[in-house]
Amino acid sequence: MSTLVAPSAPVPPAPAAALERGNSLWHDAWLRLRKNRLAVFGAVTLIVVSLACFLGPFFSPYGYEDQNLDLGASAPSAQHWLGTDTLGRDLLVRLLYGGRVSLGVGLAATVVALTIGVVYGAVAGYFGGKLDAAMMRIVDIMYSLPFTIFVILLMVFFGRNIILLFVAIGAVEWLTMARIVRGQVMSVKRMEFIEAARSLGFGKRRLIFRHILPNVLGPIIVYTTLTIPGVMLLEAFLSFLGLGVQPPMSSWGVLIKDGAEKMEEFHWLLIFPGTVFSLTLFSLNFLGDGLRDALDVRSSKD
Amino acid sequence: MLRFFASRLLQSLLALLVIITATFFMLRFVPGGPFTAEKAVTPEILRNLEAHYGLDKPLWHQYFDYLGSLAKGDFGPSFKYPNRTVNEILGDKLPVSIELGALSLLVALLIGLPLGILAAVRRNTWVDYWGSTLGMMGISIPTFVVGPLLVLAFAIHAGWFNASGWYTISDRVLPCLVLGIAYAAPIGRLTRGGMLEVLNQDFIRTARAKGATELRVVFKHSLRGGLLPVVSFLGPAIAGILTGSFVIETIFQIPGLGREFVNSAFNRDYTLVLGTVILYAGLIMALNLAADLAQAWMNPKVRLEG
Amino acid sequence: MLNRPPFLVLAALAVLAGCKKSENTGSPAAGQTPGAQAQVLHLGNGTEPQDLDPQIVTGVPENKIVNALFEGLVAYGPNGQGTVPAAAARWTISPDGLVYTFYLQPEGRWSNGDPVTAQHFVRSYQRLLTPSLAAEYANKLFPVVGAEEFYRGQLSDFSQTGFKAIDPSTLQITLKRRTSFLLESMKHYAWFPVHIPTVEKFGGLDRKGTAWTRVGNLVGNGPFILKEWSMQQRLVADKSPTYWDRAAVKLNQIVFYPTENIETEERMFRTGQLHKTNEMPLDKTDVYRREQPESLRIDPLLGIYFYRINTTRPPLNDKRVRKALALAINREQLVEKVTRQSQIPAYSACPPMEAFTSPARLSGDLDEARRLLAEAGYPGGKGLRKIDLLYNTSQNHKKIAEAIQQMWRVNLGVEVGLMNQEWKVYLDSQDTLNYDLCRAGWIADYVDPNTFFDLWRTGDGNNDTGFANPEYDRMLEQALNAPTQADRMAIYAKMDALLMDEVPIIPIYFYTRTYAMNPKVNYPVNLVETPNWKFIYLKE
């Protein structure tokens with residue numbers, strides 16, 4: 001066992017006999033993460049934004065649907081900190097409610113896409129051959145089917161349902177993830193330390209999940225942080241098709257889309273949602289980078 | 001090698017058949033048809049319309065008719081634009097989308113690759129932070145915001161460009177820039193991530209220890225492996241970029257294929273939907289094949305299988 | 001170092017901008033709209049035309065182009081109203097109102113030089129009515145003797161129908177019954193002639209979508225001829241050298257742009273690429289009002305924005321509930337604060353027009369609305385199931401629905417859910433009565449109340465509310481046979497009153513058409529957006 005943890009092995013093939021060692025791996029990662037200022041900043045911001053979205057509305061005197069037609073669109077003021085939209089609704093509270101939707105969808109759909117994509121890509125990449133060919137042609141097929149038609153059909157057969165939102169988004173977002181993971185796994189699986197682990201007779205599942213995947217974590221994390229904004233904006237397209245949030249409720253994607261059309265007249269309707277959206281994504285990204293670095297054992301040896 | 005290609009071709013044809021079949025039948029189960037209109041046509045007129053287009057035949061009959069004409073290279077007439085065939089529409093618009101896509105891709109690669117490599121090599125320095133920030137801006141500001149903003153700045157206020165159109169060389173600048181930036185961001189991020197994986201590996205340490213220059217380390221030793229994730233990403237991304245972008249083509253009024261992908265579905269233009277899907281599927285499969293080949297070339301440990 | 005790529009791109013941008021001026025392909029350069037001397041009109045036209053065959057097309061953008069390339073027997077006058085001679089120089093109507101005789105322009109010419117003859121008209125109508133052509137507007141000709149029978153295949157000899165070429169320049173049309181709005185409806189392009197030899201040359205009379213409408217092939221009798229048609233880019237029409245009234249045509253060229261995105265269209269107007277837009281983004285309207293009112297045009301448009309009610313579904317099968325909903329909308333506030341384009345609040349089913357202003361009115365105040373709802377068994381909205389309001393996806397429909405949703409909640413205590421669907425799914429839901437309440441609009445086909453009242457006939461393809469009232473159907477029939485115009489309008493007034501009592505629809509507002517236009521353009525207002533291009537020009 002210990003020979004495997006020799007300097008040539010990129011990742012200590014952990015657990016089983018070396019539970020302690022495994023613990024210290026995560027512990028070390030956590031320590032490293034805490035030292036990364038940007039990652040900490042990202043994590044704190046994310047927590048603040050999420051808390052604001054889930055608790056903030058309780059402290060607001062306005063509801064997301066309360067209109068004031070006489071007021072109409074108004075710039076930020078003491079009554080409405082972020083201004084109001086064209087129906088005179090408070091933008092701040094709409095932004096917070098919208099955050100619940102967007103963060104929820106972003107998280108859930110990304111987890112769906114991530115799980116399917118990683119497992120699928122790893123299996124295809126590891127086993128290769130006919131299985132890989134069949135699995136990758138299925139990915140090609142999924143890429144090619146007309147998405148609009150697919151979503152409309154989903155709604156026709158299952159009604160409008162929040163679960164469908166995740167299905168629809170998950171169905172497209174895992175594809176590229178699967179291809180990336182597959183490519184990485186194929187390049188890693190023939191490296192010496194994997195061959196060594198294989199020769200020790202470890203099970204395939206263990207090889208894939210314990211030995212190979214940790215070594216391709218970098219691109220997975222990077223691509224995940226790339227997926228989340230896509231998912232949030234895709235939600236806006238799906239509400240165009242009638243799936244997704246129903247007005248008067250809103251989401252960040254929908255708010256940004258609306259704001260983009262009014263950017264010249266009522267700039268705050270784009271600037272605030274856009275800023276919160278960007279800030280969240282920046283934070284996620286810094287956290288992602290930090291996580292990647294923290295989990296990368298090799299770099300710690302520098 | 002020959003066997004690899006033959007097998008891949010066969011697989012792709014099979015996949016294509018599945019795609020065509022699934023799309024064909026999915027389209028027919030979606031509510032609304034090509035002749036559904038706000039001012040409803042009378043039932044007898046609708047019957048005549050359906051007869052005119054052969055939609056009154058049994059579905060399986062239509063399906064085999066379609067496959068038959070497809071085998072002859074005929075994608076059929078468009079329902080929405082009765083005096084154009086799908087072949088003609090695709091033939092007209094594909095070159096525009098390819099031009100838009102190729103130029104944008106060039107912008108994306110010219111910005112994304114150097115930025116990503118530099119960020120990885122100078123990791124955790126200001127270069128990296130600024131690169132990341134720029135990249136994240138590219139990702140988090142959607143094209144439907146960037147596009148109009150650039151038009152306001154450079155077309156309306158500066159007066160340098162037309163607000164839309166696809167007539168002169170100058171009309172290419174803004175759309176290609178917007179689309180290019182949108183793709184530069186993920187390319188840059190993935191490049192950085194991929195390069196980091198490689199730069200920490202032992203053979204790089206060895207090379208460095210042996211006194212190889214930084215340039216040599218990057219270009220000779222790391223680039224091949226480091227670009228692996230980007231290549232996986234680029235397969236489908238290039239297929240997407242070459243077949244046009246709905247948002248960009250709509251904002252800039254560009255007569256490309258991207259709008260047809262979305263609008264043909266909304267119009268229930270059965271034949272045009274199928275035409276665009278087949279084209280896209282062909283590209284996806286060709287480019288994923290190219291990506292597989294590139295991966296095999298970049299990393300000798302990857303073997304072409306299947 | 002890192003910041004360099006963007007700077008490089010900016011530099012490249014500037015260089016390219018510099019060389020732009022040398023590349024001129026005829027589109028107006030940014031910032032400069034060609035002046036009046038050139039008489040070239042650039043206008044946003046909404047969408048890409050489906051086709052240019054007047055017997056095939058169905059949309060407003062197509063209508064505008066087809067009116068440039070073809071000409072019907074009669075047309076709208078210089079101020080966008082009334083009836084002036086077009087392909088027909090004059091006409092007579094028999095005393096019983098059944099026989100129309102048209103005397104064609106002696107100088108009438110097709111764009112290939114052929115004279116326009118009565119026979120062309122008769123054969124064009126035969127083509128439109130040929131079932132295998134499957135023309136969507138074939139039923140426009142059904143008032144004529146034998147037309148419907150020929151279309152249905154019950155009559156195979158077209159010479160038995162009411163279309164007759166008495167001699168090359170005299171066309172006689174015999175109607176089944178008096179149809180007082182016939183001349184109005186003849187301004188619709190379904191009545192336009194096509195050049196039969198050309199249509200035959202490119203594949204036959206009963207084939208759709210042949211190459212005859214392509215550049216170089218198309219032969220028309222209108223004031224303009226087709227010069228260029230680049231799909232999704234532009235369509236260029238030049239002044240016709242063979243048109244009989246060419247001396248009156250002032251424009252030398254019209255360039256139609258398929259401007260699908262209205263924000264883009266408005267930006268094109270600001271860079272000077274367009275003289276006239278097709279629409280105006282809602283939020284831009286106030287900016288134009290404030291900053292350049294001379295470029296803002298708000299024209300009346302003969303149409304109604306309304307909500308359909310599914311009268312077959314409880315609790316909406318109770319007319320008291322329907323009326324309560326209809327009364328609880330503050331239309332003045334909606335129009336003033338939400339839609340903002342000078343629409344007219346609607347309290348009846350038919351917009352006002354010269355010949356008819358409906359005296360019927362949806363009447364009652366908020367108390368009446370609450371009383372009706374309570375009477376129906378839902379005091380303060382209690383016990384009422386959740387009702388869904390369906391609309392097709394669009395910013396404006398959403399905004400209006402959100403405002404009305406709030407009015408119903410505040411005024412009646414009724415909770416209404418909003419539900420949007422993609423266009424064709426929405427049309428299908430409407431058609432199959434798979435909705436509770438549903439946003440809808442209707443723009444007149446011709447300037448006559450009939451186009452609005454026809455909708456609510458039992459089983460009409462556009463009724464889609466489940467509303468069926470024998471008394472109403474009887475009156476509709478009666479109106480068509482009414483001996484005088486005044487009698488007819490009196491019947492329509494009664495029908496409108498009946499509708500406002502039964503409330504199968506909730507009228508909301510009467511449309512306007514809002515767009516940006518260069519003040520130099522002379523563009524008469526037309527209630528159904530049918531331009532007569534020879535009266536349109538650029539002022540000095």
# chains A, B, ... in the order shown; residues from 1 in each chain; ligands from 1
$ residues_around --residues "Gln485 in chain C" --least-positions-apart "4" --cutoff "9 Å" --atoms "only C-alpha atoms" --output "list of chain:residue names"
C:Ser180, C:Ala355, C:Met489, C:Ala490
$ write_last_selection --atoms "all heavy atoms" --output "mmCIF file, in the first residue's frame"
data_model
loop_
_atom_site.group_PDB
_atom_site.id
_atom_site.type_symbol
_atom_site.label_atom_id
_atom_site.label_comp_id
_atom_site.auth_asym_id
_atom_site.auth_seq_id
_atom_site.Cartn_x
_atom_site.Cartn_y
_atom_site.Cartn_z
ATOM 1 N N SER C 180 -73.033 44.249 -48.863
ATOM 2 C CA SER C 180 -72.742 45.669 -49.026
ATOM 3 C C SER C 180 -71.283 46.014 -48.803
ATOM 4 O O SER C 180 -70.839 47.072 -49.186
ATOM 5 C CB SER C 180 -73.649 46.510 -48.130
ATOM 6 O OG SER C 180 -74.107 45.746 -47.059
ATOM 7 N N ALA C 355 -68.429 53.953 -40.556
ATOM 8 C CA ALA C 355 -69.812 53.575 -40.813
ATOM 9 C C ALA C 355 -70.550 53.131 -39.552
ATOM 10 O O ALA C 355 -71.766 53.049 -39.543
ATOM 11 C CB ALA C 355 -69.851 52.449 -41.843
ATOM 12 N N MET C 489 -76.691 48.296 -39.745
ATOM 13 C CA MET C 489 -75.960 48.796 -38.580
ATOM 14 C C MET C 489 -76.814 48.686 -37.318
ATOM 15 O O MET C 489 -76.286 48.419 -36.231
ATOM 16 C CB MET C 489 -75.529 50.252 -38.806
ATOM 17 C CG MET C 489 -74.549 50.413 -39.956
ATOM 18 S SD MET C 489 -73.116 49.326 -39.805
ATOM 19 C CE MET C 489 -72.677 49.094 -41.516
ATOM 20 N N ALA C 490 -78.120 48.868 -37.469
ATOM 21 C CA ALA C 490 -79.012 48.754 -36.309
ATOM 22 C C ALA C 490 -78.972 47.325 -35.760
ATOM 23 O O ALA C 490 -78.980 47.101 -34.541
ATOM 24 C CB ALA C 490 -80.431 49.144 -36.692
#
$ residues_around --residues "Thr21 in chain B" --least-positions-apart "3" --cutoff "12 Å" --atoms "only C-alpha atoms" --output "list in words"
Ile141 and Leu145 of chain A; Leu14, Ala15, Leu16, Leu17, Val18, Phe24, Phe25, Met26, Leu27, Arg28, Leu59, Trp60, Gln62, Tyr63, Phe64, Tyr66, Leu67, Leu274, Val277 and Ile278 of chain B
$ write_last_selection --atoms "N, CA, C and O atoms" --output "CSV table (one decimal), in the first residue's frame"
chain,number,residue,atom,x,y,z
A,141,ILE,N,-26.7,11.8,-30.4
A,141,ILE,CA,-28.2,11.9,-30.7
A,141,ILE,C,-28.8,12.9,-29.8
A,141,ILE,O,-29.6,13.7,-30.3
A,145,LEU,N,-31.1,16.3,-31.1
A,145,LEU,CA,-32.6,16.4,-31.1
A,145,LEU,C,-33.0,17.9,-30.9
A,145,LEU,O,-32.4,18.6,-30.1
B,14,LEU,N,-26.2,5.1,-38.3
B,14,LEU,CA,-27.3,4.5,-37.5
B,14,LEU,C,-27.8,5.6,-36.5
B,14,LEU,O,-29.0,5.8,-36.4
B,15,ALA,N,-26.9,6.4,-35.9
B,15,ALA,CA,-27.4,7.4,-35.0
B,15,ALA,C,-28.2,8.4,-35.7
B,15,ALA,O,-29.2,8.9,-35.2
B,16,LEU,N,-27.8,8.8,-37.0
B,16,LEU,CA,-28.5,9.7,-37.8
B,16,LEU,C,-30.0,9.2,-38.0
B,16,LEU,O,-30.9,10.0,-37.9
B,17,LEU,N,-30.1,8.0,-38.3
B,17,LEU,CA,-31.4,7.4,-38.6
B,17,LEU,C,-32.3,7.5,-37.3
B,17,LEU,O,-33.5,7.9,-37.4
B,18,VAL,N,-31.7,7.3,-36.2
B,18,VAL,CA,-32.4,7.4,-34.9
B,18,VAL,C,-32.9,8.8,-34.7
B,18,VAL,O,-34.0,9.1,-34.4
B,24,PHE,N,-38.8,13.2,-36.5
B,24,PHE,CA,-40.0,13.2,-37.3
B,24,PHE,C,-41.2,12.9,-36.5
B,24,PHE,O,-42.2,13.6,-36.6
B,25,PHE,N,-41.2,12.0,-35.6
B,25,PHE,CA,-42.4,11.6,-34.8
B,25,PHE,C,-42.6,12.6,-33.7
B,25,PHE,O,-43.8,12.9,-33.4
B,26,MET,N,-41.5,13.1,-33.1
B,26,MET,CA,-41.7,14.2,-32.0
B,26,MET,C,-42.5,15.3,-32.6
B,26,MET,O,-43.4,15.8,-32.0
B,27,LEU,N,-42.1,15.8,-33.8
B,27,LEU,CA,-42.8,16.9,-34.4
B,27,LEU,C,-44.2,16.7,-34.5
B,27,LEU,O,-45.0,17.6,-34.4
B,28,ARG,N,-44.6,15.5,-34.9
B,28,ARG,CA,-46.1,15.3,-35.1
B,28,ARG,C,-46.9,15.2,-33.9
B,28,ARG,O,-48.1,15.2,-33.9
B,59,LEU,N,-49.2,8.3,-41.2
B,59,LEU,CA,-47.9,8.8,-40.7
B,59,LEU,C,-46.7,8.0,-41.2
B,59,LEU,O,-45.7,8.5,-41.6
B,60,TRP,N,-46.9,6.6,-41.1
B,60,TRP,CA,-45.7,5.8,-41.5
B,60,TRP,C,-45.4,6.0,-43.0
B,60,TRP,O,-44.3,5.9,-43.4
B,62,GLN,N,-45.9,8.7,-44.7
B,62,GLN,CA,-45.2,10.0,-44.8
B,62,GLN,C,-43.7,9.8,-44.4
B,62,GLN,O,-42.8,10.4,-45.0
B,63,TYR,N,-43.5,9.0,-43.4
B,63,TYR,CA,-42.2,8.8,-42.9
B,63,TYR,C,-41.3,8.2,-43.9
B,63,TYR,O,-40.2,8.6,-44.2
B,64,PHE,N,-41.9,7.1,-44.6
B,64,PHE,CA,-41.0,6.4,-45.6
B,64,PHE,C,-40.9,7.3,-46.8
B,64,PHE,O,-39.9,7.3,-47.5
B,66,TYR,N,-40.6,10.5,-46.7
B,66,TYR,CA,-39.6,11.4,-46.4
B,66,TYR,C,-38.2,10.8,-46.5
B,66,TYR,O,-37.3,11.3,-47.1
B,67,LEU,N,-38.1,9.6,-45.9
B,67,LEU,CA,-36.8,8.9,-46.0
B,67,LEU,C,-36.4,8.7,-47.5
B,67,LEU,O,-35.2,8.8,-47.9
B,274,LEU,N,-36.5,19.3,-39.7
B,274,LEU,CA,-35.7,18.1,-40.0
B,274,LEU,C,-34.4,18.4,-40.7
B,274,LEU,O,-33.3,17.8,-40.4
B,277,VAL,N,-31.9,19.9,-38.3
B,277,VAL,CA,-31.5,18.8,-37.3
B,277,VAL,C,-30.5,17.9,-38.0
B,277,VAL,O,-29.4,17.6,-37.4
B,278,ILE,N,-30.8,17.5,-39.2
B,278,ILE,CA,-29.9,16.6,-39.9
B,278,ILE,C,-28.5,17.2,-40.1
B,278,ILE,O,-27.4,16.7,-39.9
$ closest_residue --among "C:Ser342, C:Gln105, C:Gln160, C:Thr130" --to "chain B" --atoms "only C-alpha atoms"
C:Thr130
$ interface_residues --of "chain A" --to "chain B" --cutoff "8 Å" --atoms "only C-alpha atoms" --output "ChimeraX atom specification"
/A:8,10,128-130,132-133,137-138,140-141,143-146,148-150,152-153,156,176,179-180,183-184,186-187,190-191,218-219,222-223,226,229,257,260,274,277-278,281-282,285,298-299
$ write_last_selection --atoms "N, CA and C atoms" --output "compact mmCIF listing (two decimals), in the first residue's frame"
# COMPACT_ATOMS: atom_id res chain seq x y z
N SER A 8 5.70 9.22 -7.02
CA SER A 8 5.25 9.20 -8.41
C SER A 8 3.73 9.15 -8.53
N PRO A 10 0.19 10.51 -8.34
CA PRO A 10 -0.40 11.84 -8.25
C PRO A 10 -1.35 12.00 -7.06
N GLY A 128 -14.28 2.03 -22.57
CA GLY A 128 -13.91 2.17 -23.97
C GLY A 128 -14.62 1.16 -24.86
N GLY A 129 -14.05 0.93 -26.03
CA GLY A 129 -14.55 -0.09 -26.93
C GLY A 129 -15.98 0.13 -27.37
N LYS A 130 -16.70 -0.99 -27.51
CA LYS A 130 -18.06 -0.92 -28.04
C LYS A 130 -18.98 -0.14 -27.12
N ASP A 132 -18.23 2.31 -25.11
CA ASP A 132 -17.94 3.73 -25.29
C ASP A 132 -18.58 4.24 -26.58
N ALA A 133 -18.42 3.49 -27.65
CA ALA A 133 -18.97 3.92 -28.94
C ALA A 133 -20.47 4.09 -28.83
N ARG A 137 -22.45 7.68 -29.10
CA ARG A 137 -23.42 7.96 -30.17
C ARG A 137 -24.74 8.41 -29.55
N ILE A 138 -25.06 7.88 -28.37
CA ILE A 138 -26.26 8.36 -27.68
C ILE A 138 -26.11 9.84 -27.34
N ASP A 140 -24.30 11.95 -29.01
CA ASP A 140 -24.48 12.66 -30.29
C ASP A 140 -25.95 12.84 -30.61
N ILE A 141 -26.73 11.79 -30.38
CA ILE A 141 -28.16 11.86 -30.68
C ILE A 141 -28.83 12.92 -29.80
N TYR A 143 -27.48 15.50 -28.42
CA TYR A 143 -27.08 16.82 -28.88
C TYR A 143 -27.97 17.31 -30.00
N SER A 144 -28.34 16.38 -30.88
CA SER A 144 -28.95 16.78 -32.14
C SER A 144 -30.45 16.97 -32.08
N LEU A 145 -31.12 16.34 -31.13
CA LEU A 145 -32.58 16.45 -31.11
C LEU A 145 -33.00 17.90 -30.86
N PRO A 146 -34.06 18.34 -31.53
CA PRO A 146 -34.48 19.74 -31.38
C PRO A 146 -35.01 20.01 -29.97
N THR A 148 -36.34 22.70 -28.45
CA THR A 148 -37.64 23.36 -28.29
C THR A 148 -38.77 22.35 -28.34
N ILE A 149 -38.71 21.50 -29.36
CA ILE A 149 -39.75 20.50 -29.56
C ILE A 149 -39.78 19.55 -28.37
N PHE A 150 -38.59 19.17 -27.92
CA PHE A 150 -38.47 18.26 -26.79
C PHE A 150 -39.15 18.84 -25.55
N ILE A 152 -41.46 21.26 -25.39
CA ILE A 152 -42.91 21.37 -25.57
C ILE A 152 -43.57 20.02 -25.35
N LEU A 153 -42.95 18.98 -25.90
CA LEU A 153 -43.51 17.63 -25.74
C LEU A 153 -43.55 17.23 -24.27
N VAL A 156 -46.48 18.79 -22.80
CA VAL A 156 -47.74 18.23 -23.26
C VAL A 156 -48.04 16.94 -22.51
N THR A 176 -21.96 17.86 -22.70
CA THR A 176 -20.57 18.30 -22.86
C THR A 176 -19.73 17.84 -21.67
N ARG A 179 -18.60 14.41 -22.31
CA ARG A 179 -17.50 14.33 -23.28
C ARG A 179 -16.18 14.75 -22.67
N ILE A 180 -16.22 15.78 -21.86
CA ILE A 180 -14.97 16.26 -21.24
C ILE A 180 -14.42 15.20 -20.29
N GLY A 183 -12.94 12.26 -22.12
CA GLY A 183 -11.63 12.55 -22.69
C GLY A 183 -10.54 12.50 -21.63
N GLN A 184 -10.83 13.08 -20.49
CA GLN A 184 -9.83 13.10 -19.42
C GLN A 184 -9.57 11.69 -18.89
N MET A 186 -9.93 8.88 -20.38
CA MET A 186 -9.16 8.08 -21.34
C MET A 186 -7.68 8.39 -21.24
N SER A 187 -7.37 9.65 -20.97
CA SER A 187 -5.95 10.00 -20.94
C SER A 187 -5.30 9.59 -19.62
N ARG A 190 -4.48 5.11 -18.50
CA ARG A 190 -3.32 4.29 -18.81
C ARG A 190 -2.06 4.77 -18.11
N MET A 191 -2.22 5.69 -17.20
CA MET A 191 -1.04 6.15 -16.47
C MET A 191 -0.58 5.05 -15.50
N GLY A 218 -10.12 18.79 -11.81
CA GLY A 218 -9.91 20.17 -12.28
C GLY A 218 -10.89 20.57 -13.37
N PRO A 219 -10.82 19.90 -14.55
CA PRO A 219 -11.73 20.27 -15.62
C PRO A 219 -13.20 20.14 -15.22
N VAL A 222 -14.05 23.27 -13.26
CA VAL A 222 -14.09 24.42 -14.16
C VAL A 222 -15.34 24.38 -15.01
N TYR A 223 -15.63 23.22 -15.59
CA TYR A 223 -16.78 23.18 -16.48
C TYR A 223 -18.09 23.36 -15.71
N LEU A 226 -18.79 26.81 -15.35
CA LEU A 226 -19.24 27.36 -16.64
C LEU A 226 -20.69 27.01 -16.91
N PRO A 229 -24.06 29.51 -15.06
CA PRO A 229 -24.73 30.65 -15.71
C PRO A 229 -25.59 30.20 -16.89
N LYS A 257 -33.32 39.46 -18.78
CA LYS A 257 -33.87 39.55 -20.13
C LYS A 257 -34.79 40.76 -20.27
N ALA A 260 -32.71 43.94 -20.10
CA ALA A 260 -31.91 44.20 -21.30
C ALA A 260 -32.73 44.98 -22.33
N GLY A 274 -28.23 42.29 -13.12
CA GLY A 274 -26.99 41.87 -13.77
C GLY A 274 -25.84 41.81 -12.77
N PHE A 277 -26.26 38.83 -10.40
CA PHE A 277 -25.99 37.62 -11.18
C PHE A 277 -24.49 37.43 -11.35
N SER A 278 -23.81 38.48 -11.80
CA SER A 278 -22.36 38.39 -12.02
C SER A 278 -21.62 38.11 -10.73
N LEU A 281 -21.87 34.58 -9.80
CA LEU A 281 -21.06 33.71 -10.65
C LEU A 281 -19.57 33.86 -10.36
N PHE A 282 -19.14 35.10 -10.13
CA PHE A 282 -17.74 35.32 -9.76
C PHE A 282 -17.41 34.53 -8.50
N ASN A 285 -17.14 30.93 -9.02
CA ASN A 285 -15.95 30.61 -9.76
C ASN A 285 -14.70 30.64 -8.87
N ARG A 298 -0.96 17.53 -5.81
CA ARG A 298 0.34 17.77 -6.42
C ARG A 298 0.84 19.18 -6.18
N SER A 299 -0.08 20.13 -6.32
CA SER A 299 0.36 21.51 -6.20
C SER A 299 0.83 21.82 -4.78
$ atom_distance --atom1 "CA of Lys201 in chain C" --atom2 "CA of Asp238 in chain C"
23.7 Å
$ residues_around --residues "Asp114 in chain C" --least-positions-apart "5" --cutoff "10 Å" --atoms "only C-alpha atoms" --output "PDB file with C-alpha atoms, in the first residue's frame"
ATOM      1  CA  GLY C 108     -53.662  48.509 -67.657  1.00  0.00           C
ATOM      2  CA  ARG C 109     -50.435  46.576 -68.275  1.00  0.00           C
ATOM      3  CA  HIS C 195     -50.474  36.690 -64.554  1.00  0.00           C
ATOM      4  CA  VAL C 219     -44.970  39.459 -63.427  1.00  0.00           C
ATOM      5  CA  ASN C 221     -49.701  44.654 -62.452  1.00  0.00           C
ATOM      6  CA  THR C 242     -45.439  49.777 -67.374  1.00  0.00           C
TER       7      THR C 242
END
$ interface_residues --of "chain A" --to "chain C" --cutoff "10 Å" --atoms "only C-alpha atoms" --output "VMD selection string"
chain A and resid 65 to 72 86 to 88 148 152 156 160 239 to 243 245 to 248 258 261 to 266
